[in-house]
Structure formats: structure tokens, C-alpha cells
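> Structure file work_2.tsv (TSV, C-alpha atoms) is given on the next line.
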chain	number	residue	atom	x	y	z
A	247	MET	CA	85.02	-62.67	128.32
A	248	ASN	CA	86.40	-63.91	124.95
A	249	ASP	CA	84.38	-64.74	121.84
A	250	ASP	CA	84.46	-68.50	122.53
A	251	GLN	CA	82.88	-68.02	125.95
A	252	GLN	CA	80.23	-65.69	124.54
A	253	ASN	CA	79.34	-68.18	121.77
A	254	GLU	CA	79.19	-71.29	123.97
A	255	MET	CA	75.86	-73.06	123.89
A	256	GLN	CA	74.76	-76.11	125.79
A	257	LEU	CA	73.44	-78.74	123.39
A	258	GLN	CA	70.50	-80.72	124.69
A	259	MET	CA	69.21	-83.83	122.96
A	260	PRO	CA	65.89	-85.29	124.08
A	261	PRO	CA	66.00	-89.06	124.70
A	262	GLU	CA	63.55	-89.76	121.86
A	263	ILE	CA	65.98	-88.10	119.39
A	264	GLN	CA	69.20	-89.69	120.68
A	265	GLY	CA	68.77	-92.96	118.79
A	266	GLY	CA	68.35	-91.19	115.46
A	267	VAL	CA	66.56	-92.64	112.46
A	268	TYR	CA	67.95	-94.55	109.49
A	269	ALA	CA	67.31	-93.18	106.01
A	270	ASN	CA	68.34	-94.82	102.76
A	271	GLN	CA	66.82	-92.14	100.52
A	272	THR	CA	66.52	-88.38	100.70
A	273	MET	CA	64.29	-86.04	98.72
A	274	VAL	CA	65.03	-82.32	98.64
A	275	THR	CA	62.52	-79.71	97.49
A	276	HIS	CA	62.53	-75.94	97.83
A	277	THR	CA	60.56	-72.74	97.65
A	278	PRO	CA	62.06	-69.25	97.44
A	279	GLU	CA	62.05	-69.14	101.27
A	280	GLU	CA	63.09	-72.63	102.38
A	281	PHE	CA	64.59	-76.02	101.58
A	282	VAL	CA	62.76	-79.16	102.69
A	283	PHE	CA	64.75	-82.36	103.34
A	284	ASP	CA	62.61	-85.49	103.57
A	285	PHE	CA	64.58	-88.47	104.88
A	286	MET	CA	62.97	-91.78	103.96
A	287	LEU	CA	63.31	-95.44	104.74
A	288	ILE	CA	62.51	-97.45	101.65
A	289	THR	CA	61.53	-101.04	102.32
A	290	PRO	CA	59.65	-102.15	99.19
A	291	PRO	CA	56.84	-101.87	98.52
A	292	VAL	CA	56.67	-98.95	100.98
A	293	ALA	CA	58.66	-95.75	101.40
A	294	THR	CA	58.16	-93.94	104.70
A	295	VAL	CA	59.29	-90.41	105.49
A	296	ASN	CA	60.80	-90.74	108.95
A	297	ALA	CA	62.18	-87.20	109.30
A	298	ARG	CA	61.57	-83.84	107.69
A	299	VAL	CA	63.96	-80.92	108.17
A	300	ILE	CA	63.11	-77.44	106.88
A	301	VAL	CA	65.86	-74.81	106.63
A	302	THR	CA	66.54	-71.44	105.05
A	303	PRO	CA	68.43	-71.32	101.73
A	304	ALA	CA	71.49	-69.88	103.52
A	305	HIS	CA	71.47	-72.73	106.03
A	306	ALA	CA	71.02	-75.30	103.24
A	307	LYS	CA	74.17	-73.91	101.62
A	308	ARG	CA	76.06	-74.21	104.92
A	309	ILE	CA	74.83	-77.81	105.29
A	310	ALA	CA	76.08	-78.60	101.77
A	311	ALA	CA	79.51	-77.10	102.54
A	312	VAL	CA	79.96	-78.92	105.87
A	313	LEU	CA	78.73	-82.18	104.35
A	314	ALA	CA	81.21	-81.88	101.44
A	315	GLU	CA	84.04	-81.18	103.90
A	316	ASN	CA	83.13	-84.18	106.05
A	317	ILE	CA	82.93	-86.46	103.00
A	318	ARG	CA	86.45	-85.30	102.00
A	319	LYS	CA	87.70	-86.15	105.50
A	320	TYR	CA	85.94	-89.53	105.48
A	321	GLU	CA	87.39	-90.45	102.08
A	322	ALA	CA	90.88	-89.40	103.19
A	323	MET	CA	90.57	-91.89	106.07
A	324	PHE	CA	88.59	-94.74	104.54
A	325	GLY	CA	88.80	-94.38	100.75
A	326	GLU	CA	86.46	-93.10	98.10
A	327	VAL	CA	82.74	-93.53	98.61
A	328	GLU	CA	81.03	-95.08	95.58
A	329	ALA	CA	77.82	-93.06	95.21
A	330	ASN	CA	76.33	-94.71	92.09
A	331	LEU	CA	74.92	-91.37	90.94
A	332	PRO	CA	72.76	-91.36	87.81
A	333	PRO	CA	74.48	-89.91	84.72
A	334	GLU	CA	73.92	-86.23	84.07
A	335	PRO	CA	71.42	-85.59	81.27
A	336	ASP	CA	72.90	-84.83	77.85
A	337	THR	CA	72.23	-81.17	77.08
A	338	GLY	CA	73.24	-81.57	73.44
A	339	GLN	CA	76.11	-79.15	73.87
A	340	MET	CA	79.62	-80.05	72.80
A	341	HIS	CA	82.27	-79.94	75.51
Could you write out this structure as C-alpha cells?

Amino acid sequence: MNDDQQNEMQLQMPPEIQGGVYANQTMVTHTPEEFVFDFMLITPPVATVNARVIVTPAHAKRIAAVLAENIRKYEAMFGEVEANLPPEPDTGQMH
């Protein structure tokens, strides 16, 4: 048996999860032991958390890496994504 056969896993997705949820905002918090991702749907005047995912710091780092890689692939196919990120705070240091 090769490594691929040993590492195969059947992925099951319950019907209630298959449709997914839409989130237009994400809040990330952490403790020394875990990262908490709250995915929210903001429809003013209300913001509703519609999914919460809790992972270890190591898994959060893997998520960040795979997300960055997939964004690179997406942008290579469809062009740069305009993120409209807020400016970084001025630390008063000269660059």
C-alpha cells in the first residue's frame, strides 16, 4: 500500500452544510491555544454571525498559507482583487 492509499479519506458533507453560508465580513480573535474565525453577514442595521470556526494556531497558519496560494492562482486567472484594505497605522518610524 502506498502513502496516497494510506492517507485517503472519504469526505462527507451533511446536506445542511452543502449550501454554505454567505459572509461579507470576518472577525478573527485568538487566545494562546486557538484562533476563532467569526463569519458574519452584515445587512445594516444588523450584523449576524452565521458561522464560527475554531482552530489551533498551527492550523490557522496553514489556512493563511493555502488562502494566499489560492488568491495568487485566482489573480493569475482573473486579475488582481481590489481589497480596499485600510491604511496601515503610522508608527512614526522613518522608512
> Which is closest to Thr277 in chain A among A:Thr302, A:Ala314, A:Arg308, A:Pro332, if we use only C-alpha atoms?
A:Thr302
> Counting all atoms listed in the file, which residue out of A:Glu315, A:Glu334, A:Glu262, A:Asp284 sits closest to Val301 in chain A?
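Selected residue with least distance to Val301 in chain A: A:Asp284.
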> Contacts of Ile288 in chain A at 7 Å or less, counting only C-alpha atoms, minus same-chain residues fewer than 6 places along, as a list in words?
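In the requested format, the answer is Asn270, Gln271 and Thr294 of chain A.
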> Quick one: write out the picked residues with C-alpha atoms as a compact mmCIF listing (two decimals), keeping the file's coordinate frame?

# COMPACT_ATOMS: atom_id res chain seq x y z
CA ASN A 270 68.34 -94.82 102.76
CA GLN A 271 66.82 -92.14 100.52
CA THR A 294 58.16 -93.94 104.70
> If I take CA of Phe324 in chain A and CA of Val299 in chain A, how far is one from the other in Å, to one decimal?
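These atoms are spaced 28.5 Å apart.
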> How many Å separate CA of Ala329 in chain A from CA of Gly265 in chain A?
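Distance between the two atoms: 25.3 Å.
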> Between CA of Met273 in chain A and CA of Met286 in chain A, what distance in Å does the model show, to one decimal?
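Calculated distance between CA of Met273 in chain A and CA of Met286 in chain A is 7.9 Å.
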> Which one is closest to Pro278 in chain A: A:Ala304, A:Val295, A:Val327, A:Val312? Count only C-alpha atoms.
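Of all the options, A:Ala304 lies closest to Pro278 in chain A.
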> Could you work out an axis-aligned bounding box for all listed atoms of range 291-304 of chain A, with 3 Å added on each of the six sides, and give its centre and edge lengths in Å to one decimal, as AutoDock Vina command-line options?

--center_x 64.1 --center_y -85.9 --center_z 103.9 --size_x 20.8 --size_y 38.0 --size_z 16.8
> Rebuild range 276-308 of chain A to N, CA and C atoms - output it as an mmCIF file, in the frame of the given file, please.

data_model
loop_
_atom_site.group_PDB
_atom_site.id
_atom_site.type_symbol
_atom_site.label_atom_id
_atom_site.label_comp_id
_atom_site.auth_asym_id
_atom_site.auth_seq_id
_atom_site.Cartn_x
_atom_site.Cartn_y
_atom_site.Cartn_z
ATOM 1 N N HIS A 276 62.318 -77.303 97.328
ATOM 2 C CA HIS A 276 62.530 -75.940 97.830
ATOM 3 C C HIS A 276 61.492 -74.979 97.308
ATOM 4 N N THR A 277 61.343 -73.908 98.045
ATOM 5 C CA THR A 277 60.560 -72.740 97.650
ATOM 6 C C THR A 277 61.546 -71.575 97.676
ATOM 7 N N PRO A 278 61.122 -70.377 97.325
ATOM 8 C CA PRO A 278 62.060 -69.250 97.440
ATOM 9 C C PRO A 278 62.516 -69.000 98.884
ATOM 10 N N GLU A 279 61.743 -69.435 99.863
ATOM 11 C CA GLU A 279 62.050 -69.140 101.270
ATOM 12 C C GLU A 279 62.708 -70.268 102.034
ATOM 13 N N GLU A 280 62.596 -71.534 101.565
ATOM 14 C CA GLU A 280 63.090 -72.630 102.380
ATOM 15 C C GLU A 280 63.420 -73.869 101.546
ATOM 16 N N PHE A 281 64.287 -74.704 102.122
ATOM 17 C CA PHE A 281 64.590 -76.020 101.580
ATOM 18 C C PHE A 281 63.962 -77.052 102.506
ATOM 19 N N VAL A 282 63.390 -78.097 101.921
ATOM 20 C CA VAL A 282 62.760 -79.160 102.690
ATOM 21 C C VAL A 282 63.510 -80.461 102.389
ATOM 22 N N PHE A 283 64.065 -81.080 103.450
ATOM 23 C CA PHE A 283 64.750 -82.360 103.340
ATOM 24 C C PHE A 283 63.836 -83.422 103.920
ATOM 25 N N ASP A 284 63.388 -84.350 103.090
ATOM 26 C CA ASP A 284 62.610 -85.490 103.570
ATOM 27 C C ASP A 284 63.526 -86.706 103.560
ATOM 28 N N PHE A 285 63.752 -87.287 104.739
ATOM 29 C CA PHE A 285 64.580 -88.470 104.880
ATOM 30 C C PHE A 285 63.646 -89.663 104.953
ATOM 31 N N MET A 286 63.898 -90.658 104.088
ATOM 32 C CA MET A 286 62.970 -91.780 103.960
ATOM 33 C C MET A 286 63.668 -93.109 104.194
ATOM 34 N N LEU A 287 62.893 -94.054 104.674
ATOM 35 C CA LEU A 287 63.310 -95.440 104.740
ATOM 36 C C LEU A 287 62.491 -96.185 103.706
ATOM 37 N N ILE A 288 63.190 -96.707 102.703
ATOM 38 C CA ILE A 288 62.510 -97.450 101.650
ATOM 39 C C ILE A 288 62.689 -98.930 101.918
ATOM 40 N N THR A 289 61.584 -99.592 102.176
ATOM 41 C CA THR A 289 61.530 -101.040 102.320
ATOM 42 C C THR A 289 60.383 -101.503 101.433
ATOM 43 N N PRO A 290 60.704 -101.844 100.163
ATOM 44 C CA PRO A 290 59.650 -102.150 99.190
ATOM 45 C C PRO A 290 58.612 -103.088 99.760
ATOM 46 N N PRO A 291 57.363 -102.832 99.484
ATOM 47 C CA PRO A 291 56.840 -101.870 98.520
ATOM 48 C C PRO A 291 56.509 -100.502 99.119
ATOM 49 N N VAL A 292 57.052 -100.187 100.300
ATOM 50 C CA VAL A 292 56.670 -98.950 100.980
ATOM 51 C C VAL A 292 57.885 -98.056 101.195
ATOM 52 N N ALA A 293 57.670 -96.763 101.024
ATOM 53 C CA ALA A 293 58.660 -95.750 101.400
ATOM 54 C C ALA A 293 58.011 -94.881 102.464
ATOM 55 N N THR A 294 58.704 -94.710 103.589
ATOM 56 C CA THR A 294 58.160 -93.940 104.700
ATOM 57 C C THR A 294 59.071 -92.781 105.023
ATOM 58 N N VAL A 295 58.511 -91.560 105.043
ATOM 59 C CA VAL A 295 59.290 -90.410 105.490
ATOM 60 C C VAL A 295 59.398 -90.520 107.005
ATOM 61 N N ASN A 296 60.640 -90.619 107.506
ATOM 62 C CA ASN A 296 60.800 -90.740 108.950
ATOM 63 C C ASN A 296 61.394 -89.496 109.591
ATOM 64 N N ALA A 297 61.742 -88.493 108.766
ATOM 65 C CA ALA A 297 62.180 -87.200 109.300
ATOM 66 C C ALA A 297 62.057 -86.148 108.215
ATOM 67 N N ARG A 298 61.643 -84.980 108.597
ATOM 68 C CA ARG A 298 61.570 -83.840 107.690
ATOM 69 C C ARG A 298 62.273 -82.675 108.367
ATOM 70 N N VAL A 299 63.217 -82.064 107.648
ATOM 71 C CA VAL A 299 63.960 -80.920 108.170
ATOM 72 C C VAL A 299 63.772 -79.771 107.186
ATOM 73 N N ILE A 300 63.354 -78.625 107.700
ATOM 74 C CA ILE A 300 63.110 -77.440 106.880
ATOM 75 C C ILE A 300 64.085 -76.361 107.307
ATOM 76 N N VAL A 301 64.831 -75.816 106.323
ATOM 77 C CA VAL A 301 65.860 -74.810 106.630
ATOM 78 C C VAL A 301 65.790 -73.673 105.619
ATOM 79 N N THR A 302 66.447 -72.575 105.972
ATOM 80 C CA THR A 302 66.540 -71.440 105.050
ATOM 81 C C THR A 302 67.523 -71.782 103.929
ATOM 82 N N PRO A 303 67.460 -71.083 102.793
ATOM 83 C CA PRO A 303 68.430 -71.320 101.730
ATOM 84 C C PRO A 303 69.882 -71.120 102.197
ATOM 85 N N ALA A 304 70.134 -70.117 103.025
ATOM 86 C CA ALA A 304 71.490 -69.880 103.520
ATOM 87 C C ALA A 304 71.961 -71.060 104.369
ATOM 88 N N HIS A 305 71.079 -71.597 105.193
ATOM 89 C CA HIS A 305 71.470 -72.730 106.030
ATOM 90 C C HIS A 305 71.662 -73.987 105.173
ATOM 91 N N ALA A 306 70.851 -74.157 104.144
ATOM 92 C CA ALA A 306 71.020 -75.300 103.240
ATOM 93 C C ALA A 306 72.403 -75.248 102.592
ATOM 94 N N LYS A 307 72.849 -74.063 102.223
ATOM 95 C CA LYS A 307 74.170 -73.910 101.620
ATOM 96 C C LYS A 307 75.268 -74.254 102.625
ATOM 97 N N ARG A 308 75.091 -73.858 103.881
ATOM 98 C CA ARG A 308 76.060 -74.210 104.920
ATOM 99 C C ARG A 308 76.079 -75.716 105.161
#
